[in-house]
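Trainee: Supplied in structure tokens, the structure appears directly below.
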Amino acid sequence: MTSSILSQFKHNIQSGVSMGLLALAFVGCGGPYPSPEGADNQNAVNLDSAAHFNAWILESPDDASRYVDRAAWHLRLGRISLGLADLNLALKADSNHAPAWSAKADALYLNQAFEPCIEHLDACLEVAPSHLPCLIRRAEMHIHLGQHPEAFAHLNDVLRQDALNHEAYWMKGMIYRDQGNVANAKSSFQTAVEVNPDFFDGYIALGLALAAENDTLAIGYYTTAMALNPNSVEAKYNLAYFLQQRQPTSRPFLLRALSLYRDILKLDSQNATAAFNQGYIHLEHFQQYDSAVVHFTRAIEALPYYHQAFYNRGLAYESLDNLTQAELDYREALSYQSDFTSAALALQRVLDR
């Protein structure tokens, strides 16, 4: 991979372009021991411990899957270096053990070692060309790099083995979306949720696709996503923002949006955008300027360089005839964004008054 492509790949990953962060795709291969989930507390402590995994490995030190088990335990607890060390032991025990290659690629991704991650996925597919986790993750890497034909090839390989693989359909939808093929994107997202009705990301993707078309069917998909994950800020925010932006403007929609933003701030008190959008609704739609000031102030407290919040709070103060405070806010907005034309014009307007 050339340095320029790798640089773009890192930028895409870190800025959230196209896909969400790669999920840790392995949890270990198990063994004769029961899972800690569902066990009583003391059993869970005994099973989820160094002693448990060390004894498990000592029973069969040449079994690569057992090192993968211990690596999964380390990685669940955020011990990436220890997890990688165990995955190296797994590959030393069996260099053809595809789950170890796949798991190590995921661990390298978590460590932001993107180029080695891709190299390990390629190595995985050399020893096990039909290994589904490696095919899926390699397709995702191609999508991040804008290599759509290569991604499609891997996803088709997945679907030939597993025609009900919801993640493959979702990824195809993401490619179609990036290509501007809205109809095929929606069709792929729809298939993803049909084969897995509990697929949160599929409902989010469908909601975004329909919201872009100003279609109220987006509400149903976002609502389903919230039912699947009641504490998801993403689902609540997407629905609130659609209700706020939907044309023509609807007062019931705006009131529901405000309620959702309140819910978001209960989950994340420092969510500056949720506070800002509350202020914007009170300012632009309800002309409740005192309330707008309160919400914009909360946004600024959460994000002190939020120049749009200073500007909009200035508008609210100006509407309240508090020209002194309006001037201060417009100047503050310009201090953070010197080419903020709207703030410059507003400042001149206040000075002229």
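Naming scheme: A, B, ... for chains in displayed order of the structure tokens; residues 1 onward per chain; ligands 1 onward as shown.
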Find the residues near A:Ser342: any atom within 12 Å, counting only C-alpha atoms, skip ones fewer than 2 places away on the same chain, and give them as a PDB file with all heavy atoms, in the first residue's frame.
Mentor:
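Output file around02.pdb is given in full below:
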ATOM      1  N   HIS A 307     -18.362  28.393  17.564  1.00  0.00           N
ATOM      2  CA  HIS A 307     -18.615  29.743  17.055  1.00  0.00           C
ATOM      3  C   HIS A 307     -20.060  29.915  16.575  1.00  0.00           C
ATOM      4  O   HIS A 307     -20.632  30.994  16.698  1.00  0.00           O
ATOM      5  CB  HIS A 307     -17.629  30.096  15.938  1.00  0.00           C
ATOM      6  CG  HIS A 307     -17.701  29.229  14.726  1.00  0.00           C
ATOM      7  ND1 HIS A 307     -17.099  27.990  14.653  1.00  0.00           N
ATOM      8  CD2 HIS A 307     -18.295  29.431  13.529  1.00  0.00           C
ATOM      9  CE1 HIS A 307     -17.319  27.463  13.467  1.00  0.00           C
ATOM     10  NE2 HIS A 307     -18.047  28.310  12.767  1.00  0.00           N
ATOM     11  N   GLN A 308     -20.683  28.846  16.033  1.00  0.00           N
ATOM     12  CA  GLN A 308     -22.077  28.960  15.604  1.00  0.00           C
ATOM     13  C   GLN A 308     -23.005  29.208  16.796  1.00  0.00           C
ATOM     14  O   GLN A 308     -24.006  29.921  16.670  1.00  0.00           O
ATOM     15  CB  GLN A 308     -22.521  27.695  14.872  1.00  0.00           C
ATOM     16  CG  GLN A 308     -21.770  27.417  13.582  1.00  0.00           C
ATOM     17  CD  GLN A 308     -20.643  26.413  13.798  1.00  0.00           C
ATOM     18  OE1 GLN A 308     -20.060  26.347  14.882  1.00  0.00           O
ATOM     19  NE2 GLN A 308     -20.334  25.635  12.770  1.00  0.00           N
ATOM     20  N   PHE A 310     -22.150  30.861  19.602  1.00  0.00           N
ATOM     21  CA  PHE A 310     -22.002  32.273  19.958  1.00  0.00           C
ATOM     22  C   PHE A 310     -22.817  33.156  19.016  1.00  0.00           C
ATOM     23  O   PHE A 310     -23.509  34.078  19.454  1.00  0.00           O
ATOM     24  CB  PHE A 310     -20.527  32.680  19.906  1.00  0.00           C
ATOM     25  CG  PHE A 310     -19.743  32.280  21.118  1.00  0.00           C
ATOM     26  CD1 PHE A 310     -18.790  31.274  21.043  1.00  0.00           C
ATOM     27  CD2 PHE A 310     -19.939  32.912  22.344  1.00  0.00           C
ATOM     28  CE1 PHE A 310     -18.054  30.896  22.161  1.00  0.00           C
ATOM     29  CE2 PHE A 310     -19.211  32.549  23.463  1.00  0.00           C
ATOM     30  CZ  PHE A 310     -18.268  31.535  23.373  1.00  0.00           C
ATOM     31  N   TYR A 311     -22.737  32.868  17.714  1.00  0.00           N
ATOM     32  CA  TYR A 311     -23.468  33.677  16.734  1.00  0.00           C
ATOM     33  C   TYR A 311     -24.973  33.605  16.978  1.00  0.00           C
ATOM     34  O   TYR A 311     -25.671  34.632  17.017  1.00  0.00           O
ATOM     35  CB  TYR A 311     -23.132  33.210  15.321  1.00  0.00           C
ATOM     36  CG  TYR A 311     -24.051  33.764  14.263  1.00  0.00           C
ATOM     37  CD1 TYR A 311     -24.049  35.118  13.942  1.00  0.00           C
ATOM     38  CD2 TYR A 311     -24.940  32.935  13.584  1.00  0.00           C
ATOM     39  CE1 TYR A 311     -24.896  35.635  12.981  1.00  0.00           C
ATOM     40  CE2 TYR A 311     -25.784  33.435  12.607  1.00  0.00           C
ATOM     41  CZ  TYR A 311     -25.763  34.788  12.313  1.00  0.00           C
ATOM     42  OH  TYR A 311     -26.615  35.289  11.366  1.00  0.00           O
ATOM     43  N   ASN A 312     -25.489  32.408  17.156  1.00  0.00           N
ATOM     44  CA  ASN A 312     -26.930  32.255  17.333  1.00  0.00           C
ATOM     45  C   ASN A 312     -27.397  32.805  18.679  1.00  0.00           C
ATOM     46  O   ASN A 312     -28.504  33.339  18.785  1.00  0.00           O
ATOM     47  CB  ASN A 312     -27.332  30.787  17.172  1.00  0.00           C
ATOM     48  CG  ASN A 312     -27.436  30.393  15.716  1.00  0.00           C
ATOM     49  OD1 ASN A 312     -28.462  30.580  15.067  1.00  0.00           O
ATOM     50  ND2 ASN A 312     -26.362  29.837  15.177  1.00  0.00           N
ATOM     51  N   GLY A 314     -26.008  35.342  19.972  1.00  0.00           N
ATOM     52  CA  GLY A 314     -26.036  36.770  19.673  1.00  0.00           C
ATOM     53  C   GLY A 314     -27.341  37.183  19.017  1.00  0.00           C
ATOM     54  O   GLY A 314     -27.915  38.231  19.347  1.00  0.00           O
ATOM     55  N   LEU A 315     -27.839  36.355  18.093  1.00  0.00           N
ATOM     56  CA  LEU A 315     -29.131  36.651  17.454  1.00  0.00           C
ATOM     57  C   LEU A 315     -30.253  36.686  18.491  1.00  0.00           C
ATOM     58  O   LEU A 315     -31.143  37.545  18.430  1.00  0.00           O
ATOM     59  CB  LEU A 315     -29.439  35.602  16.390  1.00  0.00           C
ATOM     60  CG  LEU A 315     -28.560  35.595  15.138  1.00  0.00           C
ATOM     61  CD1 LEU A 315     -28.934  34.413  14.246  1.00  0.00           C
ATOM     62  CD2 LEU A 315     -28.691  36.908  14.365  1.00  0.00           C
ATOM     63  N   TYR A 330     -21.156  38.172  18.974  1.00  0.00           N
ATOM     64  CA  TYR A 330     -20.729  38.232  17.567  1.00  0.00           C
ATOM     65  C   TYR A 330     -19.197  38.354  17.487  1.00  0.00           C
ATOM     66  O   TYR A 330     -18.564  37.717  16.641  1.00  0.00           O
ATOM     67  CB  TYR A 330     -21.387  39.404  16.849  1.00  0.00           C
ATOM     68  CG  TYR A 330     -22.894  39.274  16.704  1.00  0.00           C
ATOM     69  CD1 TYR A 330     -23.726  40.400  16.769  1.00  0.00           C
ATOM     70  CD2 TYR A 330     -23.498  38.038  16.492  1.00  0.00           C
ATOM     71  CE1 TYR A 330     -25.100  40.301  16.623  1.00  0.00           C
ATOM     72  CE2 TYR A 330     -24.878  37.924  16.344  1.00  0.00           C
ATOM     73  CZ  TYR A 330     -25.674  39.062  16.429  1.00  0.00           C
ATOM     74  OH  TYR A 330     -27.038  38.954  16.285  1.00  0.00           O
ATOM     75  N   ARG A 331     -18.637  39.160  18.377  1.00  0.00           N
ATOM     76  CA  ARG A 331     -17.166  39.299  18.387  1.00  0.00           C
ATOM     77  C   ARG A 331     -16.501  37.963  18.767  1.00  0.00           C
ATOM     78  O   ARG A 331     -15.458  37.598  18.227  1.00  0.00           O
ATOM     79  CB  ARG A 331     -16.740  40.410  19.351  1.00  0.00           C
ATOM     80  CG  ARG A 331     -17.115  41.806  18.882  1.00  0.00           C
ATOM     81  CD  ARG A 331     -16.488  42.868  19.772  1.00  0.00           C
ATOM     82  NE  ARG A 331     -16.929  44.208  19.409  1.00  0.00           N
ATOM     83  CZ  ARG A 331     -16.415  44.920  18.399  1.00  0.00           C
ATOM     84  NH1 ARG A 331     -15.429  44.412  17.669  1.00  0.00           N
ATOM     85  NH2 ARG A 331     -16.872  46.134  18.139  1.00  0.00           N
ATOM     86  N   ALA A 333     -17.725  34.968  18.251  1.00  0.00           N
ATOM     87  CA  ALA A 333     -17.835  34.064  17.107  1.00  0.00           C
ATOM     88  C   ALA A 333     -16.741  34.355  16.087  1.00  0.00           C
ATOM     89  O   ALA A 333     -16.104  33.440  15.545  1.00  0.00           O
ATOM     90  CB  ALA A 333     -19.216  34.214  16.465  1.00  0.00           C
ATOM     91  N   LEU A 334     -16.488  35.641  15.837  1.00  0.00           N
ATOM     92  CA  LEU A 334     -15.463  36.026  14.865  1.00  0.00           C
ATOM     93  C   LEU A 334     -14.050  35.731  15.373  1.00  0.00           C
ATOM     94  O   LEU A 334     -13.142  35.496  14.566  1.00  0.00           O
ATOM     95  CB  LEU A 334     -15.600  37.512  14.536  1.00  0.00           C
ATOM     96  CG  LEU A 334     -16.811  37.853  13.656  1.00  0.00           C
ATOM     97  CD1 LEU A 334     -17.096  39.353  13.682  1.00  0.00           C
ATOM     98  CD2 LEU A 334     -16.580  37.383  12.230  1.00  0.00           C
ATOM     99  N   GLN A 337     -13.775  32.187  14.286  1.00  0.00           N
ATOM    100  CA  GLN A 337     -13.925  31.972  12.835  1.00  0.00           C
ATOM    101  C   GLN A 337     -13.898  33.354  12.180  1.00  0.00           C
ATOM    102  O   GLN A 337     -14.925  33.997  12.007  1.00  0.00           O
ATOM    103  CB  GLN A 337     -15.243  31.247  12.547  1.00  0.00           C
ATOM    104  CG  GLN A 337     -15.469  30.855  11.097  1.00  0.00           C
ATOM    105  CD  GLN A 337     -14.624  29.670  10.681  1.00  0.00           C
ATOM    106  OE1 GLN A 337     -14.361  28.781  11.479  1.00  0.00           O
ATOM    107  NE2 GLN A 337     -14.183  29.660   9.443  1.00  0.00           N
ATOM    108  N   SER A 338     -12.711  33.798  11.820  1.00  0.00           N
ATOM    109  CA  SER A 338     -12.540  35.179  11.369  1.00  0.00           C
ATOM    110  C   SER A 338     -13.268  35.482  10.066  1.00  0.00           C
ATOM    111  O   SER A 338     -13.589  36.640   9.788  1.00  0.00           O
ATOM    112  CB  SER A 338     -11.048  35.491  11.210  1.00  0.00           C
ATOM    113  OG  SER A 338     -10.453  34.621  10.264  1.00  0.00           O
ATOM    114  N   ASP A 339     -13.535  34.463   9.236  1.00  0.00           N
ATOM    115  CA  ASP A 339     -14.233  34.688   7.973  1.00  0.00           C
ATOM    116  C   ASP A 339     -15.715  34.337   8.063  1.00  0.00           C
ATOM    117  O   ASP A 339     -16.359  34.027   7.057  1.00  0.00           O
ATOM    118  CB  ASP A 339     -13.582  33.877   6.845  1.00  0.00           C
ATOM    119  CG  ASP A 339     -13.595  32.377   7.110  1.00  0.00           C
ATOM    120  OD1 ASP A 339     -13.933  31.976   8.242  1.00  0.00           O
ATOM    121  OD2 ASP A 339     -13.275  31.601   6.184  1.00  0.00           O
ATOM    122  N   PHE A 340     -16.264  34.408   9.279  1.00  0.00           N
ATOM    123  CA  PHE A 340     -17.671  34.087   9.513  1.00  0.00           C
ATOM    124  C   PHE A 340     -18.496  35.304   9.071  1.00  0.00           C
ATOM    125  O   PHE A 340     -18.781  36.210   9.841  1.00  0.00           O
ATOM    126  CB  PHE A 340     -17.874  33.776  10.988  1.00  0.00           C
ATOM    127  CG  PHE A 340     -19.184  33.120  11.338  1.00  0.00           C
ATOM    128  CD1 PHE A 340     -19.421  32.684  12.632  1.00  0.00           C
ATOM    129  CD2 PHE A 340     -20.184  32.925  10.402  1.00  0.00           C
ATOM    130  CE1 PHE A 340     -20.610  32.073  12.977  1.00  0.00           C
ATOM    131  CE2 PHE A 340     -21.383  32.331  10.738  1.00  0.00           C
ATOM    132  CZ  PHE A 340     -21.599  31.903  12.033  1.00  0.00           C
ATOM    133  N   ALA A 344     -20.029  38.727  11.018  1.00  0.00           N
ATOM    134  CA  ALA A 344     -19.498  40.060  10.719  1.00  0.00           C
ATOM    135  C   ALA A 344     -20.624  41.026  10.353  1.00  0.00           C
ATOM    136  O   ALA A 344     -20.646  42.181  10.817  1.00  0.00           O
ATOM    137  CB  ALA A 344     -18.484  39.969   9.586  1.00  0.00           C
ATOM    138  N   LEU A 345     -21.558  40.572   9.542  1.00  0.00           N
ATOM    139  CA  LEU A 345     -22.696  41.422   9.163  1.00  0.00           C
ATOM    140  C   LEU A 345     -23.571  41.733  10.368  1.00  0.00           C
ATOM    141  O   LEU A 345     -24.055  42.863  10.536  1.00  0.00           O
ATOM    142  CB  LEU A 345     -23.515  40.726   8.073  1.00  0.00           C
ATOM    143  CG  LEU A 345     -22.832  40.577   6.712  1.00  0.00           C
ATOM    144  CD1 LEU A 345     -23.672  39.706   5.779  1.00  0.00           C
ATOM    145  CD2 LEU A 345     -22.576  41.947   6.079  1.00  0.00           C
ATOM    146  N   ALA A 346     -23.774  40.727  11.226  1.00  0.00           N
ATOM    147  CA  ALA A 346     -24.593  40.942  12.417  1.00  0.00           C
ATOM    148  C   ALA A 346     -23.918  41.938  13.361  1.00  0.00           C
ATOM    149  O   ALA A 346     -24.579  42.810  13.945  1.00  0.00           O
ATOM    150  CB  ALA A 346     -24.834  39.615  13.127  1.00  0.00           C
ATOM    151  N   LEU A 347     -22.609  41.835  13.510  1.00  0.00           N
ATOM    152  CA  LEU A 347     -21.881  42.766  14.365  1.00  0.00           C
ATOM    153  C   LEU A 347     -22.012  44.193  13.840  1.00  0.00           C
ATOM    154  O   LEU A 347     -22.284  45.131  14.610  1.00  0.00           O
ATOM    155  CB  LEU A 347     -20.402  42.366  14.434  1.00  0.00           C
ATOM    156  CG  LEU A 347     -19.493  43.323  15.212  1.00  0.00           C
ATOM    157  CD1 LEU A 347     -19.940  43.447  16.655  1.00  0.00           C
ATOM    158  CD2 LEU A 347     -18.042  42.837  15.140  1.00  0.00           C
ATOM    159  N   GLN A 348     -21.877  44.356  12.535  1.00  0.00           N
ATOM    160  CA  GLN A 348     -22.009  45.708  11.956  1.00  0.00           C
ATOM    161  C   GLN A 348     -23.411  46.247  12.159  1.00  0.00           C
ATOM    162  O   GLN A 348     -23.611  47.440  12.442  1.00  0.00           O
ATOM    163  CB  GLN A 348     -21.657  45.655  10.459  1.00  0.00           C
ATOM    164  CG  GLN A 348     -21.578  47.024   9.821  1.00  0.00           C
ATOM    165  CD  GLN A 348     -20.527  47.914  10.470  1.00  0.00           C
ATOM    166  OE1 GLN A 348     -19.374  47.523  10.601  1.00  0.00           O
ATOM    167  NE2 GLN A 348     -20.941  49.096  10.932  1.00  0.00           N
ATOM    168  N   ARG A 349     -24.395  45.346  12.043  1.00  0.00           N
ATOM    169  CA  ARG A 349     -25.797  45.777  12.229  1.00  0.00           C
ATOM    170  C   ARG A 349     -26.012  46.288  13.648  1.00  0.00           C
ATOM    171  O   ARG A 349     -26.665  47.331  13.854  1.00  0.00           O
ATOM    172  CB  ARG A 349     -26.710  44.579  11.944  1.00  0.00           C
ATOM    173  CG  ARG A 349     -28.196  44.888  12.072  1.00  0.00           C
ATOM    174  CD  ARG A 349     -29.072  43.705  11.681  1.00  0.00           C
ATOM    175  NE  ARG A 349     -28.880  42.539  12.565  1.00  0.00           N
ATOM    176  CZ  ARG A 349     -28.393  41.363  12.152  1.00  0.00           C
ATOM    177  NH1 ARG A 349     -28.044  41.187  10.890  1.00  0.00           N
ATOM    178  NH2 ARG A 349     -28.250  40.369  13.015  1.00  0.00           N
TER     179      ARG A 349
END
Trainee: Report as a PyMOL selection string all protein, DNA and RNA residues lying within 12 Å of A:Leu135, evaluated on only C-alpha atoms, omitting residues in the same chain fewer than 2 positions from it.
Mentor: chain A and resi 25+98-99+101-102+105+118+120-126+128-133+137-142+150-162+165+167-168+171
Trainee: I need the chosen residues saved as a PDB file, in the first residue's frame, with C-alpha atoms.
Mentor:
ATOM      1  CA  ALA A  25     -15.148  -9.729  15.365  1.00  0.00           C
ATOM      2  CA  ALA A  98      -7.550 -18.516  10.087  1.00  0.00           C
ATOM      3  CA  PRO A  99      -9.345 -17.269  13.251  1.00  0.00           C
ATOM      4  CA  TRP A 101      -5.137 -14.227  11.505  1.00  0.00           C
ATOM      5  CA  SER A 102      -8.586 -12.631  11.579  1.00  0.00           C
ATOM      6  CA  ALA A 105      -6.106  -8.146  12.095  1.00  0.00           C
ATOM      7  CA  ILE A 118      -4.663  -5.342   5.929  1.00  0.00           C
ATOM      8  CA  HIS A 120      -2.920  -9.949   8.127  1.00  0.00           C
ATOM      9  CA  LEU A 121      -6.312 -10.071   6.422  1.00  0.00           C
ATOM     10  CA  ASP A 122      -4.578 -10.895   3.148  1.00  0.00           C
ATOM     11  CA  ALA A 123      -2.528 -13.588   4.900  1.00  0.00           C
ATOM     12  CA  CYS A 124      -5.726 -14.999   6.367  1.00  0.00           C
ATOM     13  CA  LEU A 125      -7.297 -15.266   2.919  1.00  0.00           C
ATOM     14  CA  GLU A 126      -4.190 -16.965   1.554  1.00  0.00           C
ATOM     15  CA  ALA A 128      -8.283 -19.825   4.196  1.00  0.00           C
ATOM     16  CA  PRO A 129      -9.838 -18.125   1.135  1.00  0.00           C
ATOM     17  CA  SER A 130     -13.383 -18.832   2.313  1.00  0.00           C
ATOM     18  CA  HIS A 131     -13.007 -17.635   5.920  1.00  0.00           C
ATOM     19  CA  LEU A 132     -16.030 -15.367   6.356  1.00  0.00           C
ATOM     20  CA  PRO A 133     -14.699 -12.967   9.040  1.00  0.00           C
ATOM     21  CA  ARG A 137     -13.192  -7.322   7.144  1.00  0.00           C
ATOM     22  CA  ARG A 138     -11.117  -7.227   3.976  1.00  0.00           C
ATOM     23  CA  ALA A 139     -14.150  -5.927   2.111  1.00  0.00           C
ATOM     24  CA  GLU A 140     -14.503  -3.207   4.722  1.00  0.00           C
ATOM     25  CA  MET A 141     -10.888  -2.170   4.246  1.00  0.00           C
ATOM     26  CA  HIS A 142     -11.468  -1.938   0.491  1.00  0.00           C
ATOM     27  CA  GLU A 150     -12.540  -5.424  -4.833  1.00  0.00           C
ATOM     28  CA  ALA A 151     -15.012  -4.964  -1.970  1.00  0.00           C
ATOM     29  CA  PHE A 152     -17.877  -6.287  -4.109  1.00  0.00           C
ATOM     30  CA  ALA A 153     -15.822  -9.347  -5.047  1.00  0.00           C
ATOM     31  CA  HIS A 154     -15.242 -10.256  -1.384  1.00  0.00           C
ATOM     32  CA  LEU A 155     -18.851  -9.578  -0.429  1.00  0.00           C
ATOM     33  CA  ASN A 156     -20.095 -11.796  -3.251  1.00  0.00           C
ATOM     34  CA  ASP A 157     -17.778 -14.527  -1.954  1.00  0.00           C
ATOM     35  CA  VAL A 158     -19.413 -14.123   1.442  1.00  0.00           C
ATOM     36  CA  LEU A 159     -22.938 -14.329   0.045  1.00  0.00           C
ATOM     37  CA  ARG A 160     -22.140 -17.417  -2.011  1.00  0.00           C
ATOM     38  CA  GLN A 161     -21.364 -19.162   1.278  1.00  0.00           C
ATOM     39  CA  ASP A 162     -23.950 -17.422   3.439  1.00  0.00           C
ATOM     40  CA  ASN A 165     -25.268 -12.584   5.801  1.00  0.00           C
ATOM     41  CA  GLU A 167     -23.485  -7.490   7.181  1.00  0.00           C
ATOM     42  CA  ALA A 168     -22.556  -8.222   3.560  1.00  0.00           C
ATOM     43  CA  MET A 171     -21.808  -3.148   3.169  1.00  0.00           C
TER      44      MET A 171
END
Trainee: Taking only stretch 157-319 of chain A into account, list the residues labelled helix (DSSP H, G or I) by DSSP (computed from the backbone), as a ChimeraX atom specification.
Mentor: /A:157-161,166-178,182-195,200-211,217-228,233-245,251-267,272-285,289-302,307-319
Trainee: Could you check how far atom CA of A:Ile204 sits from atom CA of A:Leu260, in Å to one decimal?
Mentor: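 Separation between atom CA of A:Ile204 and atom CA of A:Leu260: 16.0 Å.
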Trainee: By how many Å are atom CA of A:Asp290 and atom CA of A:Arg262 apart?
Mentor: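 Value for the atom CA of A:Asp290-atom CA of A:Arg262 distance: 17.3 Å.
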Trainee: Just want the 9 Å neighbourhood of stretch 88-97 of chain A, counted on only C-alpha atoms, with same-chain residues fewer than 4 positions away dropped. Output as a list of chain:residue names.
Mentor: A:Pro61, A:Asp62, A:Asp63, A:Ala64, A:Ser65, A:Arg66, A:Tyr67, A:Val68, A:Gly83, A:Leu84, A:Trp101, A:Lys104, A:Cys124, A:Val127, A:Ala128
Trainee: Mind writing the picked residues with N, CA and C atoms as a PDB file, in the first residue's frame?
Mentor:
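Resulting contents of selection_36.pdb:
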ATOM      1  N   PRO A  61      -1.119 -27.196  24.769  1.00  0.00           N
ATOM      2  CA  PRO A  61      -0.353 -26.006  24.367  1.00  0.00           C
ATOM      3  C   PRO A  61      -0.157 -25.871  22.861  1.00  0.00           C
ATOM      4  N   ASP A  62      -0.454 -26.896  22.087  1.00  0.00           N
ATOM      5  CA  ASP A  62      -0.315 -26.794  20.628  1.00  0.00           C
ATOM      6  C   ASP A  62      -1.635 -26.417  19.951  1.00  0.00           C
ATOM      7  N   ASP A  63      -2.669 -26.162  20.740  1.00  0.00           N
ATOM      8  CA  ASP A  63      -3.986 -25.813  20.193  1.00  0.00           C
ATOM      9  C   ASP A  63      -4.073 -24.291  20.019  1.00  0.00           C
ATOM     10  N   ALA A  64      -3.990 -23.838  18.777  1.00  0.00           N
ATOM     11  CA  ALA A  64      -3.984 -22.392  18.502  1.00  0.00           C
ATOM     12  C   ALA A  64      -5.248 -21.712  19.000  1.00  0.00           C
ATOM     13  N   SER A  65      -6.375 -22.419  18.943  1.00  0.00           N
ATOM     14  CA  SER A  65      -7.639 -21.796  19.331  1.00  0.00           C
ATOM     15  C   SER A  65      -7.651 -21.363  20.789  1.00  0.00           C
ATOM     16  N   ARG A  66      -6.853 -22.039  21.619  1.00  0.00           N
ATOM     17  CA  ARG A  66      -6.855 -21.689  23.044  1.00  0.00           C
ATOM     18  C   ARG A  66      -6.127 -20.363  23.302  1.00  0.00           C
ATOM     19  N   TYR A  67      -5.099 -20.110  22.500  1.00  0.00           N
ATOM     20  CA  TYR A  67      -4.436 -18.799  22.605  1.00  0.00           C
ATOM     21  C   TYR A  67      -5.376 -17.691  22.114  1.00  0.00           C
ATOM     22  N   VAL A  68      -6.161 -18.022  21.094  1.00  0.00           N
ATOM     23  CA  VAL A  68      -7.144 -17.048  20.604  1.00  0.00           C
ATOM     24  C   VAL A  68      -8.165 -16.747  21.696  1.00  0.00           C
ATOM     25  N   GLY A  83      -3.085  -9.141  24.154  1.00  0.00           N
ATOM     26  CA  GLY A  83      -3.887  -9.867  23.174  1.00  0.00           C
ATOM     27  C   GLY A  83      -3.088 -10.193  21.933  1.00  0.00           C
ATOM     28  N   LEU A  84      -2.325  -9.211  21.445  1.00  0.00           N
ATOM     29  CA  LEU A  84      -1.492  -9.446  20.258  1.00  0.00           C
ATOM     30  C   LEU A  84      -0.431 -10.511  20.536  1.00  0.00           C
ATOM     31  N   TRP A 101      -5.460 -15.313  12.443  1.00  0.00           N
ATOM     32  CA  TRP A 101      -5.137 -14.227  11.505  1.00  0.00           C
ATOM     33  C   TRP A 101      -6.212 -13.141  11.558  1.00  0.00           C
ATOM     34  N   LYS A 104      -6.076 -11.249  14.884  1.00  0.00           N
ATOM     35  CA  LYS A 104      -4.934 -10.345  14.971  1.00  0.00           C
ATOM     36  C   LYS A 104      -5.158  -9.110  14.093  1.00  0.00           C
ATOM     37  N   CYS A 124      -4.621 -14.134   5.982  1.00  0.00           N
ATOM     38  CA  CYS A 124      -5.726 -14.999   6.367  1.00  0.00           C
ATOM     39  C   CYS A 124      -6.386 -15.609   5.134  1.00  0.00           C
ATOM     40  N   VAL A 127      -4.401 -18.474   3.458  1.00  0.00           N
ATOM     41  CA  VAL A 127      -4.467 -19.806   4.073  1.00  0.00           C
ATOM     42  C   VAL A 127      -5.900 -20.332   4.137  1.00  0.00           C
ATOM     43  N   ALA A 128      -6.878 -19.413   4.109  1.00  0.00           N
ATOM     44  CA  ALA A 128      -8.283 -19.825   4.196  1.00  0.00           C
ATOM     45  C   ALA A 128      -9.135 -18.878   3.354  1.00  0.00           C
TER      46      ALA A 128
END
Trainee: Which is closer to A:Tyr289 than all the others in A:Ala316, A:Ala192, A:Leu303, A:Ile57, using only C-alpha atoms?
Mentor: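 Closest candidate: A:Ala316.
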Trainee: For A:His295, which residue out of A:Ala275, A:Glu327, A:Ile281, A:Arg256 is the nearest one, using only C-alpha atoms?
Mentor: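 Going through A:Ala275, A:Glu327, A:Ile281, A:Arg256 one by one, the smallest distance to A:His295 is for A:Ala275.
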Trainee: Which residues are near A:Leu210? Cut-off 12 Å, only C-alpha atoms, ignore same chain within fewer than 4 positions. Put them as a ChimeraX atom specification.
Mentor: /A:177,182-183,185-187,189-190,203-206,214-222,238-239,242,246
Trainee: So the first atom is atom CA of A:Ala100 and the second is atom CA of A:Ala51; what is the distance between them in Å, to one decimal place?
Mentor: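 Going from atom CA of A:Ala100 over to atom CA of A:Ala51, I get 21.5 Å.
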Trainee: When you look at A:Trp56 with a cut-off of 9 Å (counting only C-alpha atoms), what residues show up, excluding the ones that are within fewer than 2 positions of it in the same chain? I need them as a PyMOL selection string.
Mentor: chain A and resi 31+33+51-54+58-61+66+70
